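Source file: model_36.txt (compact mmCIF, C-alpha atoms)
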```
# COMPACT_ATOMS: atom_id res chain seq x y z
CA MET A 161 5.68 19.50 -15.60
CA THR A 162 4.07 16.08 -15.53
CA ALA A 163 4.11 13.08 -17.88
CA SER A 164 1.21 14.58 -19.83
CA GLY A 165 2.91 17.94 -20.21
CA ARG A 166 0.38 19.62 -17.90
CA PRO A 167 1.64 21.66 -14.94
CA ALA A 168 1.54 20.04 -11.50
CA THR A 169 -0.65 21.61 -8.82
CA ARG A 170 -0.12 21.63 -5.07
CA ARG A 171 -2.62 22.40 -2.33
CA ARG A 172 -3.26 21.94 1.36
CA ASP A 173 -4.26 18.33 1.84
CA VAL A 174 -7.58 17.12 3.24
CA LEU A 175 -5.67 16.04 6.37
CA GLY A 176 -4.84 19.69 7.06
CA ALA A 177 -1.51 21.36 7.77
CA PRO A 178 1.30 20.40 7.58
CA TYR A 179 0.15 17.94 4.90
CA THR A 180 0.18 19.08 1.29
CA ALA A 181 -1.00 17.27 -1.82
CA GLU A 182 0.37 17.54 -5.34
CA THR A 183 -1.71 16.44 -8.30
CA LEU A 184 0.32 14.43 -10.81
CA GLU A 185 -1.27 14.64 -14.25
CA LEU A 186 -0.75 11.46 -16.26
CA PRO A 187 -1.46 10.43 -19.85
CA ASP A 188 -5.12 9.73 -20.53
CA ASP A 189 -6.31 6.12 -20.57
CA GLU A 190 -9.38 4.48 -22.14
CA GLU A 191 -11.62 6.18 -19.55
CA GLY A 192 -10.15 9.65 -20.08
CA ARG A 193 -8.16 11.92 -17.77
CA VAL A 194 -5.89 10.24 -15.20
CA VAL A 195 -4.20 11.70 -12.13
CA ALA A 196 -2.31 10.49 -9.09
CA THR A 197 -1.74 12.41 -5.86
CA LEU A 198 1.51 12.81 -3.93
CA VAL A 199 0.89 13.68 -0.28
CA ARG A 200 3.70 15.13 1.81
CA ARG A 201 4.31 15.75 5.49
CA PRO A 202 7.71 17.44 5.94
CA VAL A 203 9.98 17.28 8.95
CA ARG A 204 9.87 20.46 11.00
CA SER A 205 13.14 22.35 10.74
CA GLY A 206 12.95 23.58 14.34
CA GLY A 207 13.97 27.05 13.24
CA THR A 208 17.30 25.91 11.83
CA GLY A 209 16.20 26.22 8.22
CA ARG A 210 18.03 23.00 7.41
CA ARG A 211 16.16 20.42 5.34
CA THR A 212 16.48 16.70 5.81
CA THR A 213 17.97 14.57 3.06
CA LYS A 214 15.98 11.52 4.22
CA ALA A 215 12.53 10.57 2.96
CA VAL A 216 10.08 7.67 2.75
CA LEU A 217 7.63 6.90 -0.08
CA HIS A 218 4.54 4.94 0.93
CA VAL A 219 2.06 3.11 -1.35
CA HIS A 220 -1.37 1.99 -0.08
CA GLY A 221 -3.38 -1.16 -0.78
CA PHE A 222 -6.66 -2.03 -2.53
CA ALA A 223 -9.78 -0.12 -1.45
CA ASP A 224 -7.48 2.21 0.45
CA TYR A 225 -5.69 5.56 0.36
CA PHE A 226 -3.30 7.43 2.64
CA PHE A 227 -4.85 8.54 5.93
CA GLN A 228 -2.51 6.85 8.44
CA THR A 229 -1.24 10.02 10.13
CA ALA A 230 0.41 8.20 13.05
CA TYR A 231 2.59 6.39 10.52
CA ALA A 232 3.65 9.67 8.88
CA GLU A 233 4.35 11.30 12.23
CA TRP A 234 6.56 8.39 13.28
CA TRP A 235 8.71 8.82 10.18
CA ASN A 236 8.93 12.58 10.79
CA GLU A 237 10.18 11.91 14.31
CA ARG A 238 12.93 9.76 12.77
CA GLY A 239 13.98 12.72 10.59
CA TYR A 240 12.27 11.61 7.36
CA ASP A 241 10.11 13.74 5.10
CA PHE A 242 7.05 11.56 4.55
CA PHE A 243 5.51 11.07 1.12
CA ALA A 244 2.48 8.91 0.29
CA LEU A 245 1.15 8.25 -3.18
CA ASP A 246 -2.57 7.86 -3.82
CA LEU A 247 -2.37 5.86 -7.04
CA ARG A 248 -4.60 6.51 -10.04
CA LYS A 249 -8.29 5.82 -9.34
CA TYR A 250 -7.72 5.61 -5.58
CA GLY A 251 -8.63 8.04 -2.82
CA ARG A 252 -7.75 11.61 -3.67
CA SER A 253 -7.07 10.56 -7.26
CA ILE A 254 -10.52 9.15 -8.12
CA LEU A 255 -12.20 11.18 -10.88
CA PRO A 256 -15.96 11.05 -11.54
CA HIS A 257 -15.67 9.24 -14.88
CA GLN A 258 -13.38 6.50 -13.59
CA THR A 259 -13.86 2.94 -12.36
CA PRO A 260 -12.43 3.18 -8.83
CA ASN A 261 -9.30 1.13 -8.11
CA TYR A 262 -9.23 -0.50 -11.57
CA VAL A 263 -6.18 -1.16 -13.74
CA ALA A 264 -5.55 -3.92 -16.27
CA ASP A 265 -1.86 -4.27 -15.36
CA LEU A 266 0.15 -3.36 -12.28
CA THR A 267 2.70 -1.69 -14.56
CA ASP A 268 0.04 0.97 -15.21
CA TYR A 269 1.08 2.38 -11.84
CA TYR A 270 4.72 2.76 -12.79
CA PRO A 271 4.39 6.26 -14.36
CA GLU A 272 3.12 7.85 -11.12
CA LEU A 273 5.69 5.94 -9.08
CA ASP A 274 8.38 7.24 -11.46
CA LEU A 275 7.16 10.82 -11.06
CA ALA A 276 7.00 10.52 -7.28
CA TRP A 277 10.49 9.01 -7.14
CA ASP A 278 11.92 11.78 -9.33
CA ARG A 279 10.39 14.47 -7.14
CA ILE A 280 11.56 12.90 -3.90
CA THR A 281 15.11 12.07 -5.01
CA SER A 282 15.65 15.57 -6.40
CA GLY A 283 16.00 16.74 -2.79
CA HIS A 284 16.68 13.55 -0.79
CA ARG A 285 19.65 11.19 -1.00
CA HIS A 286 18.41 8.62 1.51
CA VAL A 287 14.99 7.19 0.53
CA VAL A 288 13.15 4.21 2.02
CA LEU A 289 10.18 2.60 0.27
CA SER A 290 7.03 1.54 2.11
CA GLY A 291 4.00 -0.46 0.99
CA HIS A 292 0.84 -2.02 2.39
CA SER A 293 -1.15 -4.96 0.99
CA THR A 294 -1.44 -4.56 -2.82
CA GLY A 295 0.99 -1.65 -2.58
CA GLY A 296 3.38 -4.11 -0.96
CA LEU A 297 3.28 -6.13 -4.18
CA THR A 298 3.36 -3.26 -6.68
CA GLY A 299 6.20 -1.42 -4.93
CA PRO A 300 8.79 -4.24 -5.11
CA LEU A 301 7.84 -5.09 -8.71
CA TRP A 302 8.31 -1.45 -9.74
CA ALA A 303 11.59 -1.14 -7.82
CA GLN A 304 12.90 -4.28 -9.53
CA ALA A 305 11.81 -3.13 -13.00
CA ARG A 306 13.28 0.34 -12.63
CA GLY A 307 16.47 -0.61 -10.80
CA ILE A 308 15.55 1.71 -7.92
CA GLU A 309 18.38 2.53 -5.54
CA ALA A 310 16.49 2.81 -2.26
CA ARG A 311 18.01 2.34 1.17
CA GLY A 312 15.42 -0.27 2.06
CA ILE A 313 11.78 -1.28 1.72
CA ALA A 314 9.34 -1.78 4.62
CA LEU A 315 6.25 -3.83 3.75
CA ASN A 316 3.15 -4.09 5.91
CA ALA A 317 1.09 -7.23 5.17
CA PRO A 318 2.03 -7.29 1.45
CA TRP A 319 -0.29 -9.23 -0.85
CA PHE A 320 2.01 -12.00 -2.09
CA ASP A 321 -0.57 -14.64 -3.05
CA LEU A 322 -4.29 -15.37 -3.23
CA GLN A 323 -5.99 -16.62 -0.10
CA GLY A 324 -7.35 -20.17 0.08
CA LYS A 325 -6.17 -23.69 -0.58
CA ALA A 326 -3.50 -24.30 -3.23
CA TRP A 327 -5.81 -26.22 -5.58
CA VAL A 328 -8.32 -23.35 -5.48
CA ARG A 329 -5.64 -20.75 -6.19
CA LEU A 330 -4.09 -22.74 -8.99
CA GLY A 331 -7.43 -23.63 -10.55
CA LEU A 332 -8.85 -20.13 -10.32
CA THR A 333 -5.94 -18.33 -11.96
CA PRO A 334 -6.28 -19.63 -15.56
CA VAL A 335 -10.05 -19.13 -15.40
CA VAL A 336 -9.59 -15.51 -14.33
CA GLN A 337 -6.99 -14.94 -17.05
CA GLN A 338 -9.35 -16.23 -19.73
CA VAL A 339 -12.32 -14.22 -18.46
CA ALA A 340 -10.12 -11.10 -18.27
CA LYS A 341 -9.23 -11.42 -21.96
CA ARG A 342 -12.90 -11.43 -23.00
CA GLN A 343 -14.57 -9.47 -20.22
CA PRO A 344 -12.01 -7.48 -18.21
CA MET A 345 -14.74 -5.47 -16.48
CA ARG A 346 -16.67 -8.51 -15.29
CA ILE A 347 -17.11 -8.40 -11.53
CA ILE A 348 -15.60 -11.32 -9.64
CA PRO A 349 -18.09 -12.64 -7.06
CA ARG A 350 -16.75 -12.55 -3.53
CA THR A 351 -18.01 -12.26 0.02
CA VAL A 352 -17.28 -8.93 1.71
CA THR A 353 -18.44 -8.77 5.33
CA GLY A 354 -17.30 -5.19 5.92
CA LEU A 355 -15.84 -6.30 9.24
CA TYR A 356 -12.33 -5.07 8.47
CA ALA A 357 -13.31 -1.49 7.65
CA ARG A 358 -15.74 -1.48 10.58
CA SER A 359 -12.95 -2.59 12.91
CA LEU A 360 -11.01 0.51 11.87
CA HIS A 361 -13.50 3.36 11.49
CA ARG A 362 -14.33 5.45 14.54
CA ASP A 363 -18.03 5.59 13.62
CA HIS A 364 -18.16 1.80 13.95
CA GLU A 365 -15.87 -0.34 16.14
CA GLY A 366 -12.53 1.35 15.46
CA ASP A 367 -10.43 4.37 16.39
CA TRP A 368 -9.53 5.84 13.02
CA ASP A 369 -11.12 8.44 10.78
CA PHE A 370 -11.15 8.02 7.02
CA ASN A 371 -13.31 8.95 4.04
CA LEU A 372 -15.89 6.21 3.51
CA GLU A 373 -16.41 7.35 -0.08
CA TRP A 374 -12.75 6.55 -0.79
CA LYS A 375 -12.47 3.51 1.49
CA PRO A 376 -15.99 2.03 1.66
CA ILE A 377 -17.09 -0.34 4.39
CA ALA A 378 -18.06 -2.86 1.69
CA SER A 379 -14.83 -2.29 -0.29
CA TRP A 380 -14.90 -1.79 -4.08
CA PRO A 381 -15.81 -4.39 -6.71
CA ALA A 382 -13.02 -6.66 -7.89
CA TYR A 383 -12.92 -7.00 -11.69
CA ALA A 384 -11.52 -9.86 -13.74
CA GLY A 385 -8.97 -7.64 -15.49
CA TRP A 386 -7.68 -6.30 -12.19
CA LEU A 387 -7.45 -9.72 -10.53
CA ALA A 388 -5.64 -11.09 -13.57
CA ALA A 389 -3.14 -8.23 -13.24
CA VAL A 390 -2.56 -9.08 -9.59
CA ARG A 391 -2.04 -12.75 -10.41
CA ARG A 392 0.59 -11.83 -13.02
CA GLY A 393 2.27 -9.78 -10.31
CA HIS A 394 2.18 -12.75 -7.96
CA THR A 395 3.76 -14.97 -10.61
CA GLU A 396 6.58 -12.48 -11.15
CA LEU A 397 7.25 -12.27 -7.43
CA HIS A 398 7.18 -16.05 -7.01
CA ARG A 399 9.84 -16.42 -9.68
CA GLY A 400 12.06 -14.37 -7.42
CA LEU A 401 13.16 -10.75 -7.35
CA SER A 402 16.65 -9.50 -6.62
CA LEU A 403 16.12 -6.26 -4.75
CA PRO A 404 19.60 -4.98 -3.86
CA PHE A 405 18.52 -3.32 -0.60
CA PRO A 406 17.22 -4.76 2.71
CA ALA A 407 13.53 -5.54 3.06
CA LEU A 408 11.32 -5.75 6.15
CA VAL A 409 8.00 -7.63 6.12
CA LEU A 410 5.58 -7.11 9.02
CA THR A 411 2.34 -9.03 9.49
CA SER A 412 0.02 -10.22 12.19
CA THR A 413 0.90 -13.64 13.60
CA ARG A 414 -2.46 -15.13 12.65
CA SER A 415 -5.11 -14.96 9.93
CA THR A 416 -8.78 -15.74 10.53
CA THR A 417 -12.01 -15.50 8.55
CA PRO A 418 -14.66 -14.33 11.02
CA THR A 419 -18.25 -13.82 9.91
CA GLU A 420 -19.28 -11.64 12.84
CA LEU A 421 -17.72 -9.17 15.21
CA GLY A 422 -15.44 -10.63 17.85
CA GLU A 423 -11.91 -10.50 19.19
CA ASP A 424 -10.38 -11.99 16.03
CA VAL A 425 -11.61 -9.02 13.99
CA HIS A 426 -9.38 -6.74 16.06
CA SER A 427 -6.38 -8.98 16.67
CA THR A 428 -5.73 -11.00 13.50
CA ASP A 429 -5.38 -10.43 9.77
CA ILE A 430 -8.86 -11.02 8.37
CA VAL A 431 -7.91 -9.92 4.85
CA LEU A 432 -4.82 -11.93 3.81
CA ASP A 433 -3.15 -15.21 4.76
CA VAL A 434 -0.05 -14.40 6.79
CA GLU A 435 1.39 -17.88 6.22
CA GLN A 436 1.52 -17.18 2.49
CA ILE A 437 3.17 -13.82 3.11
CA ARG A 438 5.78 -15.50 5.32
CA ARG A 439 6.37 -18.17 2.67
CA TRP A 440 6.97 -15.73 -0.18
CA SER A 441 8.86 -12.99 1.67
CA PRO A 442 12.29 -14.49 0.81
CA ALA A 443 11.43 -14.02 -2.87
CA LEU A 444 12.03 -10.27 -2.49
CA GLY A 445 15.81 -10.55 -2.49
CA HIS A 446 18.84 -11.67 -0.50
CA HIS A 447 18.29 -9.58 2.65
CA VAL A 448 14.78 -10.01 4.05
CA THR A 449 13.61 -9.67 7.66
CA TYR A 450 10.19 -11.09 8.55
CA VAL A 451 8.46 -10.24 11.84
CA GLY A 452 5.04 -11.36 13.05
CA ILE A 453 3.24 -8.99 15.42
CA GLU A 454 1.00 -10.74 17.95
CA GLY A 455 -2.46 -9.17 18.09
CA ALA A 456 -2.04 -7.07 14.94
CA ARG A 457 -4.68 -6.29 12.34
CA HIS A 458 -4.18 -6.55 8.57
CA ASP A 459 -2.67 -3.05 8.56
CA VAL A 460 -0.34 -3.53 11.49
CA PHE A 461 0.00 0.23 11.95
CA LEU A 462 -3.76 0.53 12.47
CA SER A 463 -3.74 -2.11 15.19
CA ARG A 464 -4.64 -1.53 18.82
CA GLU A 465 -2.12 0.44 20.84
CA GLU A 466 0.07 -2.40 22.15
CA PRO A 467 0.63 -4.33 18.89
CA ARG A 468 0.96 -1.04 17.01
CA ALA A 469 3.73 0.04 19.40
CA ARG A 470 5.50 -3.30 18.85
CA ALA A 471 5.25 -2.83 15.09
CA PHE A 472 6.86 0.61 15.32
CA ASP A 473 9.57 -0.82 17.57
CA GLU A 474 10.36 -3.51 15.00
CA LEU A 475 10.39 -0.95 12.19
CA GLY A 476 12.75 1.27 14.14
CA ARG A 477 15.05 -1.63 14.99
CA TRP A 478 15.23 -2.67 11.33
CA LEU A 479 15.89 0.90 10.16
CA THR A 480 18.74 1.34 12.61
CA ALA A 481 20.34 -2.01 11.87
CA TYR A 482 20.00 -2.14 8.08
CA ALA A 483 18.49 0.86 6.27
CA GLU A 484 20.47 3.49 8.18
CA GLY A 485 23.67 1.53 8.70
```
Could I get this file's structure written as structure tokens?
Amino acid sequence: MTASGRPATRRRDVLGAPYTAETLELPDDEEGRVVATLVRRPVRSGGTGRRTTKAVLHVHGFADYFFQTAYAEWWNERGYDFFALDLRKYGRSILPHQTPNYVADLTDYYPELDLAWDRITSGHRHVVLSGHSTGGLTGPLWAQARGIEARGIALNAPWFDLQGKAWVRLGLTPVVQQVAKRQPMRIIPRTVTGLYARSLHRDHEGDWDFNLEWKPIASWPAYAGWLAAVRRGHTELHRGLSLPFPALVLTSTRSTTPTELGEDVHSTDIVLDVEQIRRWSPALGHHVTYVGIEGARHDVFLSREEPRARAFDELGRWLTAYAEG
């Protein structure tokens, strides 16, 4: 059963076998019915019938959902059952009546994270957390709040602060908070070039296939209530967390803000400021490893082949040294 008392449903996932997807029914919100989706790719037993006790739980970022099959396959090869959570109003979990990607507080995601954790830990003793971008902020906050006993957390370009100069960030935050109180659904003006999604999608300049209705080239609107929620999350992180397990933070080595296609689009982070991520990574806890990947994109595991291979090497090295020790 789920948090709403409705039965869970499982089906073959849109990615095809061996991926399955389980619908997690959640309590209704102000827009009506709410669901999240837990995607799974299990380790092949090789005919032994023995199941692994190791697993990883991955959480995506804003204007995103799970489609990174190479990432799941890598974890399978390490002996981990792979789980990815499409949060409420993202990807597989978007319902027709909903505002895509919107929540008024990051803690709104905690119920589906709780359900996913309960399902995974019922059959796995060794669980590693994983998060990308906004998921790399929400995951640590949830783990701290719930006292999660993971073996480690691997974060890929986590969103630890707003981009831009300090005076802009500091001046914008109270304005956003005030607007969010009066008009939470007010759209925040921003420039979206579409270059990042184009650099990824195989129908444009990239190598990857994903659903453009779930991850649009032009992203989704950013609302005042949502941005205020993110800023509260940033403030909590900046005060310092005390995660009791080792953390890995991977980013590109450089951030740029291109306005047209060029080499920087494919070899730097054009979404977040990696210097801010590096600055705030120690706030996760007492055991944090930070690694910059030369030539990587915002999602380092969607980078070109060479930086992607280096990212997997660093992840494997960290797992062996700290999360599997």
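You will find CA of Gly299 (chain A) at 22.8 Å from CA of Thr413 (chain A).
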Per-residue nearest contacts region 236-326 of chain A to region 216-232 of chain A, cut-off 7 Å, using all atoms listed in the file, as JSON lines:
```
{"residue": "A:Asn236", "atom": "CA", "partner": "A:Ala232", "partner_atom": "CA", "distance": 6.3}
{"residue": "A:Tyr240", "atom": "CA", "partner": "A:Val216", "partner_atom": "CA", "distance": 6.4}
{"residue": "A:Asp241", "atom": "CA", "partner": "A:Val216", "partner_atom": "CA", "distance": 6.5}
{"residue": "A:Phe242", "atom": "CA", "partner": "A:Val216", "partner_atom": "CA", "distance": 5.2}
{"residue": "A:Phe243", "atom": "CA", "partner": "A:Leu217", "partner_atom": "CA", "distance": 4.8}
{"residue": "A:Ala244", "atom": "CA", "partner": "A:His218", "partner_atom": "CA", "distance": 4.5}
{"residue": "A:Leu245", "atom": "CA", "partner": "A:Val219", "partner_atom": "CA", "distance": 5.5}
{"residue": "A:Asp246", "atom": "CA", "partner": "A:Tyr225", "partner_atom": "CA", "distance": 5.7}
{"residue": "A:Tyr250", "atom": "CA", "partner": "A:Tyr225", "partner_atom": "CA", "distance": 6.3}
{"residue": "A:Gly251", "atom": "CA", "partner": "A:Tyr225", "partner_atom": "CA", "distance": 5.0}
{"residue": "A:Asn261", "atom": "CA", "partner": "A:Ala223", "partner_atom": "CA", "distance": 6.8}
{"residue": "A:Val287", "atom": "CA", "partner": "A:Val216", "partner_atom": "CA", "distance": 5.4}
{"residue": "A:Val288", "atom": "CA", "partner": "A:Val216", "partner_atom": "CA", "distance": 4.7}
{"residue": "A:Leu289", "atom": "CA", "partner": "A:Leu217", "partner_atom": "CA", "distance": 5.0}
{"residue": "A:Ser290", "atom": "CA", "partner": "A:His218", "partner_atom": "CA", "distance": 4.4}
{"residue": "A:Gly291", "atom": "CA", "partner": "A:Val219", "partner_atom": "CA", "distance": 4.7}
{"residue": "A:His292", "atom": "CA", "partner": "A:His220", "partner_atom": "CA", "distance": 5.2}
{"residue": "A:Ser293", "atom": "CA", "partner": "A:Gly221", "partner_atom": "CA", "distance": 4.7}
{"residue": "A:Thr294", "atom": "CA", "partner": "A:Gly221", "partner_atom": "CA", "distance": 4.4}
{"residue": "A:Gly295", "atom": "CA", "partner": "A:Gly221", "partner_atom": "CA", "distance": 4.8}
```
Writer output for current selection, C-alpha atoms, as a PDB file, in the frame of the given file:
```pdb
ATOM      1  CA  ASN A 236       8.930  12.580  10.790  1.00  0.00           C
ATOM      2  CA  TYR A 240      12.270  11.610   7.360  1.00  0.00           C
ATOM      3  CA  ASP A 241      10.110  13.740   5.100  1.00  0.00           C
ATOM      4  CA  PHE A 242       7.050  11.560   4.550  1.00  0.00           C
ATOM      5  CA  PHE A 243       5.510  11.070   1.120  1.00  0.00           C
ATOM      6  CA  ALA A 244       2.480   8.910   0.290  1.00  0.00           C
ATOM      7  CA  LEU A 245       1.150   8.250  -3.180  1.00  0.00           C
ATOM      8  CA  ASP A 246      -2.570   7.860  -3.820  1.00  0.00           C
ATOM      9  CA  TYR A 250      -7.720   5.610  -5.580  1.00  0.00           C
ATOM     10  CA  GLY A 251      -8.630   8.040  -2.820  1.00  0.00           C
ATOM     11  CA  ASN A 261      -9.300   1.130  -8.110  1.00  0.00           C
ATOM     12  CA  VAL A 287      14.990   7.190   0.530  1.00  0.00           C
ATOM     13  CA  VAL A 288      13.150   4.210   2.020  1.00  0.00           C
ATOM     14  CA  LEU A 289      10.180   2.600   0.270  1.00  0.00           C
ATOM     15  CA  SER A 290       7.030   1.540   2.110  1.00  0.00           C
ATOM     16  CA  GLY A 291       4.000  -0.460   0.990  1.00  0.00           C
ATOM     17  CA  HIS A 292       0.840  -2.020   2.390  1.00  0.00           C
ATOM     18  CA  SER A 293      -1.150  -4.960   0.990  1.00  0.00           C
ATOM     19  CA  THR A 294      -1.440  -4.560  -2.820  1.00  0.00           C
ATOM     20  CA  GLY A 295       0.990  -1.650  -2.580  1.00  0.00           C
TER      21      GLY A 295
END
```
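From CA of Asp173 (chain A) back to CA of Leu247 (chain A), the distance works out to 15.4 Å.
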Restricting the calculation to only C-alpha atoms: of A:Leu198, A:Ala481, A:Ala407, A:Ala264, which residue gets closest to Pro442 (chain A)? A:Ala407
Where is the centre and how long are the edges: axis-aligned box on region 402-406 of chain A, 4 Å on each side, Å to one decimal, as lines of an AutoDock Vina configuration file:
```
center_x = 17.9
center_y = -6.4
center_z = -2.0
size_x = 11.5
size_y = 14.2
size_z = 17.3
```
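Going from CA of Val451 (chain A) to CA of Asp473 (chain A) covers 11.1 Å.
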Could you give me, as a tab-separated table, a per-residue list for region 432-465 of chain A showing, wherever an atom lies at most 8 Å from an atom of region 312-328 of chain A, the closest pair of atoms and their distance in Å to one decimal, using only C-alpha atoms and sorting by chain then residue number from low to high?
```
residue	atom	partner	partner_atom	distance
A:Leu432	CA	A:Gln323	CA	6.2
A:Asp433	CA	A:Gln323	CA	5.8
A:Val434	CA	A:Ala317	CA	7.4
A:Gln436	CA	A:Asp321	CA	6.4
A:Ile437	CA	A:Phe320	CA	5.6
A:Trp440	CA	A:Phe320	CA	6.5
A:Ser441	CA	A:Phe320	CA	7.9
A:His458	CA	A:Ala317	CA	6.3
A:Asp459	CA	A:Asn316	CA	6.5
A:Val460	CA	A:Asn316	CA	6.6
```
Find the residues with any atom within 12 Å of (2.4, 7.2, -15.2); use all atoms listed in the file and the coordinates as given in the file, and write the answer as an MDAnalysis selection string. chainID A and resid 162:165 184:189 193:197 247:248 266:277 302
Contacts of Ser463 (chain A) within 12 Å, only C-alpha atoms, excl. fewer than 4 positions in-chain, as a PyMOL selection string: chain A and resi 228+230-231+316+356+359-361+366-368+411-412+424-429+453-459+467-472
Output the selection as a short mmCIF file (atom, residue, chain, number, x, y, z; two decimals), in the frame of the given file - C-alpha atoms for each residue.
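After the write, again-v7.cif holds the following:
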```
data_model
loop_
_atom_site.label_atom_id
_atom_site.label_comp_id
_atom_site.auth_asym_id
_atom_site.auth_seq_id
_atom_site.Cartn_x
_atom_site.Cartn_y
_atom_site.Cartn_z
CA GLN A 228 -2.51 6.85 8.44
CA ALA A 230 0.41 8.20 13.05
CA TYR A 231 2.59 6.39 10.52
CA ASN A 316 3.15 -4.09 5.91
CA TYR A 356 -12.33 -5.07 8.47
CA SER A 359 -12.95 -2.59 12.91
CA LEU A 360 -11.01 0.51 11.87
CA HIS A 361 -13.50 3.36 11.49
CA GLY A 366 -12.53 1.35 15.46
CA ASP A 367 -10.43 4.37 16.39
CA TRP A 368 -9.53 5.84 13.02
CA THR A 411 2.34 -9.03 9.49
CA SER A 412 0.02 -10.22 12.19
CA ASP A 424 -10.38 -11.99 16.03
CA VAL A 425 -11.61 -9.02 13.99
CA HIS A 426 -9.38 -6.74 16.06
CA SER A 427 -6.38 -8.98 16.67
CA THR A 428 -5.73 -11.00 13.50
CA ASP A 429 -5.38 -10.43 9.77
CA ILE A 453 3.24 -8.99 15.42
CA GLU A 454 1.00 -10.74 17.95
CA GLY A 455 -2.46 -9.17 18.09
CA ALA A 456 -2.04 -7.07 14.94
CA ARG A 457 -4.68 -6.29 12.34
CA HIS A 458 -4.18 -6.55 8.57
CA ASP A 459 -2.67 -3.05 8.56
CA PRO A 467 0.63 -4.33 18.89
CA ARG A 468 0.96 -1.04 17.01
CA ALA A 469 3.73 0.04 19.40
CA ARG A 470 5.50 -3.30 18.85
CA ALA A 471 5.25 -2.83 15.09
CA PHE A 472 6.86 0.61 15.32
#
```
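Here the residues that fall within 10 Å of (-14.5, 2.0, 4.8), using only C-alpha atoms, are given as Ala223, Asp224, Gly354, Leu355, Tyr356, Ala357, Arg358, Ser359, Leu360, His361, His364, Asp369, Phe370, Asn371, Leu372, Glu373, Trp374, Lys375, Pro376, Ile377, Ala378, Ser379 and Trp380 of chain A.
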Find the spatial neighbours of region 383-393 of chain A, counting all atoms listed in the file, within a cut-off of 8 Å - ignore same-chain residues fewer than 2 positions away - and output them as a PDB file with C-alpha atoms, in the coordinates of the input.
```pdb
ATOM      1  CA  TYR A 262      -9.230  -0.500 -11.570  1.00  0.00           C
ATOM      2  CA  VAL A 263      -6.180  -1.160 -13.740  1.00  0.00           C
ATOM      3  CA  ALA A 264      -5.550  -3.920 -16.270  1.00  0.00           C
ATOM      4  CA  ASP A 265      -1.860  -4.270 -15.360  1.00  0.00           C
ATOM      5  CA  LEU A 266       0.150  -3.360 -12.280  1.00  0.00           C
ATOM      6  CA  LEU A 297       3.280  -6.130  -4.180  1.00  0.00           C
ATOM      7  CA  THR A 298       3.360  -3.260  -6.680  1.00  0.00           C
ATOM      8  CA  LEU A 301       7.840  -5.090  -8.710  1.00  0.00           C
ATOM      9  CA  ASP A 321      -0.570 -14.640  -3.050  1.00  0.00           C
ATOM     10  CA  LEU A 322      -4.290 -15.370  -3.230  1.00  0.00           C
ATOM     11  CA  THR A 333      -5.940 -18.330 -11.960  1.00  0.00           C
ATOM     12  CA  VAL A 336      -9.590 -15.510 -14.330  1.00  0.00           C
ATOM     13  CA  GLN A 337      -6.990 -14.940 -17.050  1.00  0.00           C
ATOM     14  CA  VAL A 339     -12.320 -14.220 -18.460  1.00  0.00           C
ATOM     15  CA  ALA A 340     -10.120 -11.100 -18.270  1.00  0.00           C
ATOM     16  CA  LYS A 341      -9.230 -11.420 -21.960  1.00  0.00           C
ATOM     17  CA  GLN A 343     -14.570  -9.470 -20.220  1.00  0.00           C
ATOM     18  CA  PRO A 344     -12.010  -7.480 -18.210  1.00  0.00           C
ATOM     19  CA  MET A 345     -14.740  -5.470 -16.480  1.00  0.00           C
ATOM     20  CA  ARG A 346     -16.670  -8.510 -15.290  1.00  0.00           C
ATOM     21  CA  ILE A 347     -17.110  -8.400 -11.530  1.00  0.00           C
ATOM     22  CA  ILE A 348     -15.600 -11.320  -9.640  1.00  0.00           C
ATOM     23  CA  PRO A 381     -15.810  -4.390  -6.710  1.00  0.00           C
ATOM     24  CA  THR A 395       3.760 -14.970 -10.610  1.00  0.00           C
ATOM     25  CA  GLU A 396       6.580 -12.480 -11.150  1.00  0.00           C
ATOM     26  CA  LEU A 397       7.250 -12.270  -7.430  1.00  0.00           C
TER      27      LEU A 397
END
```
